[in-house]
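Novice: Take a look at the following structure, please.
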Amino acid sequence: MAETEIISNSDSNDQFFEGVEKLIEIWFTPAKHADLRKITRQQWESVLKIVRCEIISFTQSEQVDAYVLSESSMFVSRRRWILKTCGTTTPLRCVRALLALARDAAGHARVQNVFYSRRQFARPHRQLPPHDHFDSEVELLDSFFGDGRAYIMGPEEDCWYLYTLLPLEGTVAALEKEHREASSGCEASEPDQTIEILMSELDPEVMDIFTRAHSENAAQATKESGIDEIIPGMLIDDYLFDPCGYSMNGVAKDGSYMTIHITPERSCSYVSFESNVAVREYDALLARVLAAFRPQRFVLTVFASPDAPGAAATRQLKQFSALCGYEQKEAQYCRFSGYELHYALYNKFPS
Ligand SMILES: C[S@+](CC[C@H](N)C(=O)[O-])C[C@H]1O[C@@H](n2cnc3c(N)ncnc32)[C@H](O)[C@@H]1O
């Protein structure tokens with residue numbers, strides 16, 4: 001396991017852990033016989049060493065391999081790679097090695113899309129380069145992928161950062177034509193949607209469930225918190241850290257996944273939820289997540305391709321703010337080529 005990042009906070013005798021994750025998702029252009037799942041466990045272990053984390057558990061569906069890591073999760077499918085890591089891990093340092101493995105071991109030579117995102121860290125100065133500044137992260141990403149675009153959403157003190165290769169719609173006809181030509185003979189791009197709910201200041205009673213003092217094992221915490229009912233029908237791989245902390249991956253037969261990570265320490269409580277489940281409306285899912293964790297604040301992001309069932313989610317999420325006792329403080333909407341992005345920041349009402 002990586003060196004511990006748990007640092008004692010002398011004021012409260014509580015401990016600080018940076019729950020906020022860095023999330024990188026890379027899509028490779030479809031290519032015959034290419035499959036990222038050809039990369040062996042030993043090869044993944046060497047990549048994750050660069051990130052400063054380890055594999056602690058594994059599960060899979062027909063479409064996706066799901067790894068629980070010492071610091072969050074990794075999902076590997078035929079042409080999509082997702083790495084989500086918290087603490088002081090260094091995921092961008094492994095991209096060069098990942099691209100080489102994708103080419104040499106998996107047959108993927110062309111990157112189609114990249115999404116790198118994260119919420120503002122609670123303690124940015126504790127991060128290792130390049131993660132100590134968004135500018136440095138962007139510089140490194142550009143050194144791999146050329147001319148990406150960087151966005152900062154929301155208020156300065158609690159913002160959400162995004163880097164992607166997809167330029168805003170209207171500027172990319174040539175690029176799209178090139179992608180179409182490159183993928184001719186293989187399947188066209190598939191519908192895709194992802195929701196992330198990044199929650200802070202959570203209900204202490206709920207957070208207690210994710211401690212060894214309260215729960216004997218991960219399965220007990222999963223059941224008592226209601227995590228097993230957030231998206232029914234998922235095969236769940238869960239892990240309870242000692243003395244506290246929780247991570248889970250869920251995979252379903254249709255290729256969808258969910259992942260939840262919990263930092264229960266009172267002074268820095270943080271929970272993240274992410275899924276690509278293909279729902280038409282997010283209201284019920286969002287309500288179940290909020291009822292399970294009861295955050296004071298959360299960032300919500302939804303990416304959806306125009307052909308995904310959840311493409312109309314933006315309008316629905318606007319109505320949601322009035323329903324659930326949360327006030328929408330900020331909302332931004334971006335239209336990229338091939339994707340729409342909705343970002344919003346919510347506070348419990350009254351805050
Ligand atoms: C890996 S988990 C999930 C973090 C996640 N990014 C989140 O959303 O909060 C982190 C929690 O596990 C605890 N933990 C206990 N032992 C750990 C270890 N060896 N490595 C990482 N986290 C550990 C941390 O204190 C923290 O509460």
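Please note that chains go A, B, ... in the order of the structure tokens, that every chain numbers its residues from 1, and that ligands are numbered from 1 in the order shown.
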Which residues are near ligand 1 in this structure, taking near to mean any atom at most 8 Å from a ligand atom and counting only C-alpha atoms and all ligand atoms? Format them as number ranges by chain.
Specialist: A: 1-6, 15-21, 69-72, 84-87, 198, 240-247, 260-265, 269-273
Novice: Go ahead and write the residues just picked, N, CA and C atoms, as a compact mmCIF listing (two decimals), in the first residue's frame.
Specialist:
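For reference, part_33.txt as written:
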# COMPACT_ATOMS: atom_id res chain seq x y z
N MET A 1 0.84 -1.20 0.00
CA MET A 1 0.00 0.00 0.00
C MET A 1 0.88 1.25 0.00
N ALA A 2 0.38 2.32 -0.54
CA ALA A 2 1.17 3.54 -0.63
C ALA A 2 1.51 4.04 0.77
N GLU A 3 2.53 4.88 0.83
CA GLU A 3 2.85 5.51 2.11
C GLU A 3 1.59 6.15 2.65
N THR A 4 1.42 6.11 3.95
CA THR A 4 0.17 6.65 4.48
C THR A 4 0.12 8.16 4.36
N GLU A 5 -1.05 8.68 4.00
CA GLU A 5 -1.22 10.13 3.90
C GLU A 5 -2.03 10.66 5.08
N ILE A 6 -2.22 9.80 6.08
CA ILE A 6 -3.09 10.21 7.18
C ILE A 6 -2.26 11.04 8.13
N GLN A 15 -8.05 13.00 12.23
CA GLN A 15 -6.96 12.88 11.29
C GLN A 15 -7.39 13.41 9.95
N PHE A 16 -6.43 13.96 9.22
CA PHE A 16 -6.78 14.49 7.91
C PHE A 16 -6.46 13.47 6.83
N PHE A 17 -7.40 13.26 5.94
CA PHE A 17 -7.15 12.47 4.74
C PHE A 17 -7.80 13.19 3.57
N GLU A 18 -7.07 13.32 2.45
CA GLU A 18 -7.62 14.01 1.27
C GLU A 18 -8.48 13.02 0.49
N GLY A 19 -9.78 13.07 0.74
CA GLY A 19 -10.70 12.17 0.05
C GLY A 19 -10.92 12.55 -1.41
N VAL A 20 -10.78 13.83 -1.72
CA VAL A 20 -11.02 14.32 -3.08
C VAL A 20 -10.14 13.56 -4.08
N GLU A 21 -10.79 13.03 -5.12
CA GLU A 21 -10.05 12.22 -6.09
C GLU A 21 -9.68 13.01 -7.34
N LEU A 69 -8.78 -0.11 -5.35
CA LEU A 69 -7.38 0.22 -5.08
C LEU A 69 -7.21 0.68 -3.63
N SER A 70 -5.96 0.72 -3.18
CA SER A 70 -5.72 1.24 -1.83
C SER A 70 -6.17 2.69 -1.75
N GLU A 71 -6.18 3.41 -2.86
CA GLU A 71 -6.73 4.76 -2.92
C GLU A 71 -7.71 4.82 -4.09
N SER A 72 -8.90 4.28 -3.90
CA SER A 72 -10.05 4.38 -4.83
C SER A 72 -10.11 3.26 -5.88
N LYS A 84 -9.37 6.49 -10.81
CA LYS A 84 -9.85 7.48 -9.84
C LYS A 84 -9.06 7.27 -8.57
N THR A 85 -8.24 8.23 -8.18
CA THR A 85 -7.41 8.02 -6.98
C THR A 85 -7.41 9.25 -6.07
N CYS A 86 -7.39 8.97 -4.75
CA CYS A 86 -7.47 10.04 -3.76
C CYS A 86 -6.13 10.19 -3.04
N GLY A 87 -6.16 10.82 -1.86
CA GLY A 87 -4.94 10.99 -1.07
C GLY A 87 -3.92 11.84 -1.82
N LEU A 198 -20.07 14.57 -5.67
CA LEU A 198 -18.89 14.72 -4.81
C LEU A 198 -19.33 15.47 -3.55
N LEU A 240 -13.68 -2.42 3.62
CA LEU A 240 -13.70 -1.52 4.79
C LEU A 240 -12.28 -1.40 5.32
N PHE A 241 -11.78 -0.16 5.33
CA PHE A 241 -10.40 0.06 5.79
C PHE A 241 -10.36 0.05 7.33
N ASP A 242 -9.15 -0.04 7.87
CA ASP A 242 -8.93 -0.06 9.31
C ASP A 242 -8.09 1.16 9.69
N PRO A 243 -8.52 2.04 10.58
CA PRO A 243 -9.70 1.91 11.44
C PRO A 243 -11.00 2.42 10.80
N CYS A 244 -10.88 3.10 9.65
CA CYS A 244 -12.09 3.60 9.02
C CYS A 244 -11.81 3.85 7.54
N GLY A 245 -12.90 4.09 6.78
CA GLY A 245 -12.75 4.32 5.34
C GLY A 245 -13.38 3.17 4.58
N TYR A 246 -13.91 3.47 3.42
CA TYR A 246 -14.68 2.45 2.69
C TYR A 246 -14.57 2.73 1.19
N SER A 247 -14.47 1.67 0.41
CA SER A 247 -14.48 1.78 -1.05
C SER A 247 -15.31 0.65 -1.63
N ILE A 260 -18.19 3.95 -5.14
CA ILE A 260 -18.39 4.86 -4.00
C ILE A 260 -17.14 4.79 -3.12
N HIS A 261 -16.67 5.96 -2.68
CA HIS A 261 -15.51 6.02 -1.78
C HIS A 261 -15.83 6.94 -0.62
N ILE A 262 -15.46 6.50 0.57
CA ILE A 262 -15.88 7.23 1.77
C ILE A 262 -14.71 7.50 2.70
N THR A 263 -14.54 8.77 3.01
CA THR A 263 -13.59 9.22 4.04
C THR A 263 -14.43 9.71 5.21
N PRO A 264 -14.56 8.92 6.28
CA PRO A 264 -15.51 9.30 7.33
C PRO A 264 -14.95 10.23 8.42
N GLU A 265 -13.64 10.49 8.43
CA GLU A 265 -13.07 11.33 9.49
C GLU A 265 -13.84 12.65 9.58
N SER A 269 -14.72 14.90 6.30
CA SER A 269 -15.56 13.83 5.72
C SER A 269 -15.88 14.14 4.26
N TYR A 270 -15.84 13.08 3.47
CA TYR A 270 -15.99 13.22 2.02
C TYR A 270 -16.49 11.91 1.45
N VAL A 271 -17.44 11.98 0.53
CA VAL A 271 -17.93 10.77 -0.16
C VAL A 271 -18.06 11.08 -1.64
N SER A 272 -17.62 10.15 -2.47
CA SER A 272 -17.85 10.34 -3.90
C SER A 272 -18.67 9.18 -4.44
N PHE A 273 -19.55 9.52 -5.35
CA PHE A 273 -20.38 8.52 -6.03
C PHE A 273 -20.22 8.76 -7.52
Novice: Quick one: everything within 9 Å of Thr301 in chain A, counting only C-alpha atoms, minus sequence neighbours fewer than 6 positions away in the same chain. Send it as a PyMOL selection string.
Specialist: chain A and resi 194-198+341-345
Novice: Using DSSP on the backbone, list every residue of range 120-290 of chain A that comes out as strand (DSSP E), and give them as an MDAnalysis selection string.
Specialist: chainID A and resid 149:153 160:164 193:202 235:240 246:251 257:263 270:275
Novice: Excluding Ala313 in chain A and any residue of its chain fewer than 6 positions from it, enumerate the residues within 9 Å of it, using only C-alpha atoms, and give them as a tab-separated table (two decimals) with C-alpha atoms, in the first residue's frame.
Specialist:
chain	number	residue	atom	x	y	z
A	280	ARG	CA	-33.35	8.62	-18.38
A	281	GLU	CA	-33.81	10.66	-15.20
A	282	TYR	CA	-31.36	11.16	-12.39
A	283	ASP	CA	-33.78	12.50	-9.76
A	302	VAL	CA	-23.26	14.90	-15.57
A	304	ALA	CA	-23.97	12.70	-21.60
A	342	HIS	CA	-23.81	19.91	-16.63
Novice: For Leu285 in chain A, which residue among A:Glu25, A:Glu229, A:Asp35, A:Glu340 is the nearest when counting only C-alpha atoms?
Specialist: A:Glu229
Novice: Determine, counting only C-alpha atoms, which protein, DNA and RNA residues have an atom within 10 Å of an atom of range 94-101 of chain A; residues of the same chain fewer than 4 positions away are not included. Present the result as a list in words.
Specialist: Ile24, Ile26, Phe28, Leu36, Lys38, Ile39, Thr40, Gln43, Trp44, Ser46, Val47, Leu48, Lys49, Ile50, Val51, Arg52, Trp81, Thr90, Ala105, Ala106, Gly107, His108, Ala109, Arg110, Val111, Leu140, Leu141, Ser143 and Phe144 of chain A
Novice: Kindly export the residues of the current selection with N, CA and C atoms, as a short mmCIF file (atom, residue, chain, number, x, y, z; two decimals), in the first residue's frame.
Specialist:
data_model
loop_
_atom_site.label_atom_id
_atom_site.label_comp_id
_atom_site.auth_asym_id
_atom_site.auth_seq_id
_atom_site.Cartn_x
_atom_site.Cartn_y
_atom_site.Cartn_z
N ILE A 24 -9.23 10.33 -14.10
CA ILE A 24 -8.83 10.39 -15.51
C ILE A 24 -9.53 9.28 -16.28
N ILE A 26 -9.76 7.79 -20.22
CA ILE A 26 -9.22 7.84 -21.59
C ILE A 26 -10.01 6.87 -22.46
N PHE A 28 -10.00 5.14 -26.19
CA PHE A 28 -9.18 4.90 -27.39
C PHE A 28 -10.10 4.73 -28.59
N LEU A 36 -8.09 -3.29 -23.98
CA LEU A 36 -7.24 -2.94 -22.83
C LEU A 36 -7.18 -4.06 -21.80
N LYS A 38 -6.36 -6.93 -22.27
CA LYS A 38 -5.21 -7.81 -22.53
C LYS A 38 -4.04 -7.45 -21.61
N ILE A 39 -4.09 -6.28 -21.03
CA ILE A 39 -3.01 -5.86 -20.11
C ILE A 39 -3.11 -6.72 -18.85
N THR A 40 -1.99 -7.30 -18.45
CA THR A 40 -2.02 -8.26 -17.33
C THR A 40 -2.03 -7.54 -15.98
N GLN A 43 1.24 -6.06 -15.15
CA GLN A 43 1.50 -4.80 -15.87
C GLN A 43 0.72 -3.64 -15.21
N TRP A 44 -0.52 -3.90 -14.79
CA TRP A 44 -1.27 -2.85 -14.09
C TRP A 44 -0.58 -2.48 -12.79
N SER A 46 2.51 -2.49 -12.14
CA SER A 46 3.67 -1.61 -12.37
C SER A 46 3.22 -0.18 -12.70
N VAL A 47 2.10 -0.05 -13.40
CA VAL A 47 1.57 1.29 -13.70
C VAL A 47 1.12 1.96 -12.39
N LEU A 48 0.44 1.19 -11.55
CA LEU A 48 -0.13 1.77 -10.32
C LEU A 48 0.96 2.12 -9.29
N LYS A 49 2.11 1.47 -9.43
CA LYS A 49 3.24 1.81 -8.56
C LYS A 49 3.65 3.27 -8.79
N ILE A 50 3.59 3.69 -10.05
CA ILE A 50 3.94 5.08 -10.38
C ILE A 50 2.94 6.05 -9.73
N VAL A 51 1.70 5.57 -9.60
CA VAL A 51 0.62 6.40 -9.03
C VAL A 51 0.70 6.41 -7.50
N ARG A 52 1.46 5.45 -6.93
CA ARG A 52 1.59 5.27 -5.50
C ARG A 52 0.33 4.65 -4.87
N TRP A 81 -10.47 3.45 -20.28
CA TRP A 81 -9.71 3.26 -19.04
C TRP A 81 -10.08 4.38 -18.08
N THR A 90 -0.49 10.07 -7.52
CA THR A 90 -0.01 10.87 -8.66
C THR A 90 -0.43 10.23 -10.00
N ALA A 105 0.63 -3.73 -25.56
CA ALA A 105 0.00 -4.96 -25.02
C ALA A 105 -1.46 -5.09 -25.43
N ALA A 106 -2.11 -3.95 -25.75
CA ALA A 106 -3.56 -4.02 -26.01
C ALA A 106 -3.93 -3.67 -27.45
N GLY A 107 -2.99 -3.15 -28.23
CA GLY A 107 -3.27 -2.85 -29.64
C GLY A 107 -3.98 -1.53 -29.86
N HIS A 108 -3.99 -0.66 -28.86
CA HIS A 108 -4.65 0.64 -29.00
C HIS A 108 -3.61 1.74 -29.22
N ALA A 109 -3.54 2.25 -30.44
CA ALA A 109 -2.51 3.24 -30.73
C ALA A 109 -3.06 4.67 -30.76
N ARG A 110 -4.40 4.82 -30.81
CA ARG A 110 -4.95 6.18 -30.98
C ARG A 110 -5.91 6.53 -29.85
N VAL A 111 -5.66 7.70 -29.26
CA VAL A 111 -6.55 8.19 -28.21
C VAL A 111 -7.66 9.01 -28.87
N LEU A 140 1.24 18.99 -18.16
CA LEU A 140 1.64 17.60 -18.36
C LEU A 140 0.67 16.90 -19.32
N LEU A 141 -0.62 17.14 -19.14
CA LEU A 141 -1.61 16.52 -20.05
C LEU A 141 -1.37 16.96 -21.49
N SER A 143 1.41 17.76 -22.74
CA SER A 143 2.63 17.12 -23.26
C SER A 143 2.31 15.72 -23.80
N PHE A 144 1.23 15.10 -23.31
CA PHE A 144 0.84 13.77 -23.83
C PHE A 144 -0.12 13.88 -25.01
#
Novice: Which is closest to Pro306 in chain A among A:Lys329, A:Asp142, A:Met248, A:Asp192, if we use only C-alpha atoms?
Specialist: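 Nearest to Pro306 in chain A: A:Asp192.
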Novice: Find the residues around Asp238 in chain A up to 9 Å (only C-alpha atoms counted), leave out those fewer than 5 positions away in its own chain, and share them as number ranges by chain.
Specialist: A: 57, 68, 218-219, 222, 246-250
Novice: Which neighbours of Gly146 in chain A fall inside 12 Å, counting only C-alpha atoms, when residues of the same chain fewer than 5 positions from it are skipped, and could you give them as a ChimeraX atom specification?
Specialist: /A:111,113-114,138-141,163-166
Novice: Which of these, A:Ser225, A:Ser267, A:Thr259, A:Thr59, has the shortest distance to Glu205 in chain A once you count only C-alpha atoms?
Specialist: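 Answer, going by the shortest atom-to-atom distance: A:Ser225.
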Novice: As a PDB file with C-alpha atoms, in the first residue's frame, please: the residues near Gln220 in chain A (cut-off 12 Å, only C-alpha atoms, same-chain neighbours under 6 positions excluded).
Specialist:
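Now in out.pdb:
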ATOM      1  CA  ILE A 209     -21.054   3.094   9.778  1.00  0.00           C
ATOM      2  CA  PHE A 210     -17.795   3.188   7.809  1.00  0.00           C
ATOM      3  CA  THR A 211     -15.551   2.557  10.831  1.00  0.00           C
ATOM      4  CA  ARG A 212     -14.321  -0.776  12.173  1.00  0.00           C
ATOM      5  CA  HIS A 214     -19.169   0.171  14.210  1.00  0.00           C
ATOM      6  CA  GLY A 226     -28.330   1.312   1.964  1.00  0.00           C
ATOM      7  CA  ILE A 227     -25.501   1.366  -0.614  1.00  0.00           C
ATOM      8  CA  ASP A 228     -26.738  -1.999  -1.908  1.00  0.00           C
ATOM      9  CA  ASP A 238     -16.592  -3.626  -1.170  1.00  0.00           C
ATOM     10  CA  TYR A 239     -13.748  -2.966   1.254  1.00  0.00           C
ATOM     11  CA  LEU A 240     -13.703  -1.524   4.786  1.00  0.00           C
ATOM     12  CA  TYR A 246     -14.679   2.453   2.693  1.00  0.00           C
TER      13      TYR A 246
END
